[in-house]
Amino acid sequence: MFITLEGPDGSGKTQQIHLLADFLTEKGYKVFFSREPGGTEIGDQIRTILMDLKNTKMNPRTETLLFCASRAQIVEEVIKPKLKKGYIVILDRYADSTLAYQGYGHGNDLQTLRTLLDFATAGLKPDLTILLDLDPELGLNRRKKGGGEWNRMDAYRLELHKRVREGYREMASREPQRWRIISADQPIEVVQSELRNLILDYLE
Ligand code: TYD
């Protein structure tokens, strides 16, 4: 089973995934989790380029291709083999992030991106995608107050982050059989408990 977590910056995905992985492991499931961009040696090098605040000249198409390059690597090197071995694979961001940020956010053509994503992922789709939904202003404030690194992507103007959120909501409403939405504007324990219930429901 392949689960992805999506959401605006500062929605707490990373922390929630750690808690969730511990919980599922205790329940006896074989769990593997990772994040994007990155998750492989090559992907981590690509991540450094993407997140570097000095790279202010990066063109949105360059950005898109770099995210896709990192993704192609993690799919073949890590995700497919882990799924084959029977792991539940949980990924902090996946192809929907590209549609949300580079598509809805930057305005790249969505259909072109879908074709590109199909190529990058060799058609591998998540079984379940959870959106941790949050007002981007809240998320970015959390970030600034010390919740994780402040990177080149965070530094995009608020308008872009608002379009990203709307994009996520639109994708979730178009494909309700794959997407679930949890409000991230709640205490960590509440979000975690909703997440656990939802995933146990799905697994059963
Ligand atoms: P990261 O620090 O991992 O942020 P978060 O904890 O919010 O996931 O940085 C990832 C950033 O890259 C985040 O701003 C979203 C962005 N991103 C894209 O724009 N496109 C993508 O395809 C992916 C995977 C991430």
# chains A, B, ... in the order shown; residues from 1 in each chain; ligands from 1

call {"tool": "residues_around", "arguments": {"residues": "stretch 104-107 of chain A", "least_positions_apart": "2", "cutoff": "10 Å", "atoms": "only C-alpha atoms", "output": "PyMOL selection string"}}
result
chain A and resi 60-61+64+97-102+109-110+156+159-168+170

call {"tool": "write_last_selection", "arguments": {"atoms": "N, CA and C atoms", "output": "CSV table (one decimal), in the first residue's frame"}}
result
chain,number,residue,atom,x,y,z
A,60,PRO,N,10.5,28.4,-13.4
A,60,PRO,CA,9.5,27.4,-13.0
A,60,PRO,C,9.6,26.1,-13.7
A,61,ARG,N,10.0,26.1,-15.0
A,61,ARG,CA,10.1,24.9,-15.7
A,61,ARG,C,11.3,24.1,-15.3
A,64,THR,N,10.3,22.5,-12.1
A,64,THR,CA,9.4,21.4,-12.3
A,64,THR,C,10.2,20.1,-12.7
A,97,SER,N,2.1,17.3,-5.3
A,97,SER,CA,2.8,18.5,-5.0
A,97,SER,C,3.2,19.3,-6.2
A,98,THR,N,3.6,18.6,-7.2
A,98,THR,CA,4.0,19.2,-8.5
A,98,THR,C,2.8,19.9,-9.1
A,99,LEU,N,1.7,19.1,-9.1
A,99,LEU,CA,0.5,19.7,-9.7
A,99,LEU,C,0.1,21.0,-8.9
A,100,ALA,N,0.2,20.9,-7.5
A,100,ALA,CA,-0.3,22.0,-6.7
A,100,ALA,C,0.7,23.2,-6.8
A,101,TYR,N,2.0,23.0,-6.7
A,101,TYR,CA,2.9,24.1,-6.7
A,101,TYR,C,3.3,24.6,-8.1
A,102,GLN,N,3.8,23.6,-8.9
A,102,GLN,CA,4.2,24.1,-10.2
A,102,GLN,C,3.0,24.3,-11.2
A,109,ASP,N,1.0,24.5,-17.4
A,109,ASP,CA,-0.2,23.8,-17.9
A,109,ASP,C,-0.4,22.4,-17.2
A,110,LEU,N,-1.6,22.2,-16.6
A,110,LEU,CA,-1.8,21.0,-15.8
A,110,LEU,C,-1.7,19.7,-16.6
A,156,TYR,N,8.4,32.0,-1.7
A,156,TYR,CA,7.5,32.5,-2.7
A,156,TYR,C,6.4,33.3,-2.0
A,159,GLU,N,0.5,34.9,-2.3
A,159,GLU,CA,-0.5,34.6,-3.4
A,159,GLU,C,-0.3,33.2,-4.0
A,160,LEU,N,1.0,32.8,-4.2
A,160,LEU,CA,1.2,31.5,-4.8
A,160,LEU,C,0.8,30.4,-3.8
A,161,HIS,N,1.1,30.6,-2.5
A,161,HIS,CA,0.7,29.6,-1.5
A,161,HIS,C,-0.8,29.5,-1.4
A,162,LYS,N,-1.5,30.6,-1.6
A,162,LYS,CA,-3.0,30.5,-1.6
A,162,LYS,C,-3.5,29.7,-2.8
A,163,ARG,N,-2.9,29.9,-4.0
A,163,ARG,CA,-3.3,29.1,-5.1
A,163,ARG,C,-3.0,27.6,-4.9
A,164,VAL,N,-1.9,27.3,-4.3
A,164,VAL,CA,-1.5,25.9,-4.0
A,164,VAL,C,-2.6,25.3,-3.1
A,165,ARG,N,-3.0,26.0,-2.1
A,165,ARG,CA,-4.1,25.4,-1.2
A,165,ARG,C,-5.4,25.1,-2.0
A,166,GLU,N,-5.8,26.1,-2.8
A,166,GLU,CA,-7.0,25.9,-3.6
A,166,GLU,C,-6.8,24.8,-4.6
A,167,GLY,N,-5.6,24.6,-5.2
A,167,GLY,CA,-5.4,23.5,-6.1
A,167,GLY,C,-5.5,22.2,-5.4
A,168,TYR,N,-5.0,22.1,-4.2
A,168,TYR,CA,-5.1,20.8,-3.5
A,168,TYR,C,-6.6,20.5,-3.2
A,170,GLU,N,-9.1,21.4,-4.9
A,170,GLU,CA,-9.8,21.0,-6.1
A,170,GLU,C,-9.4,19.6,-6.5

call {"tool": "residues_near_ligand", "arguments": {"ligand": "ligand 1", "cutoff": "7 Å", "atoms": "only C-alpha atoms and all ligand atoms", "output": "list in words"}}
result
Pro8, Asp9, Gly10, Ser11, Lys13, Thr14, Arg35, Glu36, Pro37, Thr64, Phe67, Cys68, Asp92, Arg93, Tyr94, Ala95, Asp96, Ser97, Thr98, Tyr101, Gln102, Gly148, Glu149, Asn151, Met153 and Asp154 of chain A

call {"tool": "residues_around", "arguments": {"residues": "A:Glu41", "least_positions_apart": "5", "cutoff": "12 Å", "atoms": "only C-alpha atoms", "output": "CSV table (one decimal) with all heavy atoms, in the first residue's frame"}}
result
chain,number,residue,atom,x,y,z
A,46,ILE,N,19.7,16.9,-5.7
A,46,ILE,CA,18.7,17.7,-6.4
A,46,ILE,C,18.0,18.6,-5.4
A,46,ILE,O,17.8,19.8,-5.7
A,46,ILE,CB,17.7,16.8,-7.2
A,46,ILE,CG1,18.5,16.0,-8.2
A,46,ILE,CG2,16.7,17.7,-7.9
A,46,ILE,CD1,17.6,14.9,-8.9
A,47,ARG,N,17.6,18.1,-4.2
A,47,ARG,CA,16.9,18.9,-3.2
A,47,ARG,C,17.8,20.1,-2.8
A,47,ARG,O,17.2,21.2,-2.7
A,47,ARG,CB,16.7,18.0,-2.0
A,47,ARG,CG,15.9,18.7,-0.9
A,47,ARG,CD,15.8,17.9,0.4
A,47,ARG,NE,15.2,18.7,1.4
A,47,ARG,CZ,13.9,18.8,1.6
A,47,ARG,NH1,13.0,18.2,0.9
A,47,ARG,NH2,13.4,19.7,2.5
A,48,THR,N,19.1,19.9,-2.7
A,48,THR,CA,19.9,21.0,-2.3
A,48,THR,C,19.8,22.2,-3.3
A,48,THR,O,19.7,23.3,-2.9
A,48,THR,CB,21.4,20.6,-2.2
A,48,THR,OG1,21.4,19.4,-1.3
A,48,THR,CG2,22.3,21.6,-1.7
A,70,SER,N,14.0,14.1,-9.2
A,70,SER,CA,14.2,13.5,-7.9
A,70,SER,C,13.1,12.4,-7.7
A,70,SER,O,13.4,11.3,-7.2
A,70,SER,CB,14.0,14.6,-6.9
A,70,SER,OG,13.9,14.0,-5.6
A,73,GLN,N,13.8,9.1,-9.5
A,73,GLN,CA,14.9,8.3,-8.8
A,73,GLN,C,14.3,7.5,-7.6
A,73,GLN,O,14.5,6.3,-7.5
A,73,GLN,CB,16.0,9.2,-8.4
A,73,GLN,CG,17.2,8.5,-7.9
A,73,GLN,CD,17.9,7.7,-9.0
A,73,GLN,OE1,17.8,8.0,-10.2
A,73,GLN,NE2,18.5,6.6,-8.6
A,74,ILE,N,13.5,8.2,-6.8
A,74,ILE,CA,13.0,7.5,-5.6
A,74,ILE,C,12.0,6.4,-6.0
A,74,ILE,O,11.9,5.4,-5.3
A,74,ILE,CB,12.4,8.6,-4.6
A,74,ILE,CG1,12.3,7.9,-3.2
A,74,ILE,CG2,11.0,9.1,-5.0
A,74,ILE,CD1,11.8,8.8,-2.1
A,77,GLU,N,14.3,3.5,-7.3
A,77,GLU,CA,15.4,3.0,-6.3
A,77,GLU,C,14.8,2.5,-5.0
A,77,GLU,O,15.3,1.6,-4.4
A,77,GLU,CB,16.4,4.2,-6.1
A,77,GLU,CG,17.6,3.7,-5.4
A,77,GLU,CD,18.6,4.9,-5.2
A,77,GLU,OE1,18.8,5.8,-6.1
A,77,GLU,OE2,19.2,4.9,-4.1
A,78,VAL,N,13.7,3.2,-4.6
A,78,VAL,CA,13.1,2.9,-3.3
A,78,VAL,C,11.7,2.4,-3.2
A,78,VAL,O,11.4,1.4,-2.7
A,78,VAL,CB,13.3,4.2,-2.4
A,78,VAL,CG1,12.8,4.0,-1.0
A,78,VAL,CG2,14.7,4.7,-2.4

call {"tool": "residues_around", "arguments": {"residues": "A:Ser193", "least_positions_apart": "5", "cutoff": "10 Å", "atoms": "only C-alpha atoms", "output": "VMD selection string"}}
result
chain A and resid 16 19 to 20 188 198 to 199

call {"tool": "write_last_selection", "arguments": {"atoms": "C-alpha atoms", "output": "PDB file, in the first residue's frame"}}
result
ATOM      1  CA  GLN A  16       2.676  13.508  11.656  1.00  0.00           C
ATOM      2  CA  LEU A  19       4.157   9.548  14.703  1.00  0.00           C
ATOM      3  CA  LEU A  20       2.072   7.544  12.255  1.00  0.00           C
ATOM      4  CA  ILE A 188      -0.994  17.756  16.853  1.00  0.00           C
ATOM      5  CA  LEU A 198      -8.515   7.062   8.669  1.00  0.00           C
ATOM      6  CA  ILE A 199      -5.611   4.791   7.786  1.00  0.00           C
TER       7      ILE A 199
END

call {"tool": "closest_residue", "arguments": {"among": "A:Ala184, A:Ala155, A:Ala122, A:Leu83", "to": "A:Gly12", "atoms": "only C-alpha atoms"}}
result
A:Ala184

call {"tool": "select_by_dssp", "arguments": {"residues": "stretch 2-85 of chain A", "states": "helix (DSSP H, G or I)", "output": "NGL selection string"}}
result
:A and (13-26 or 41-51 or 60-84)
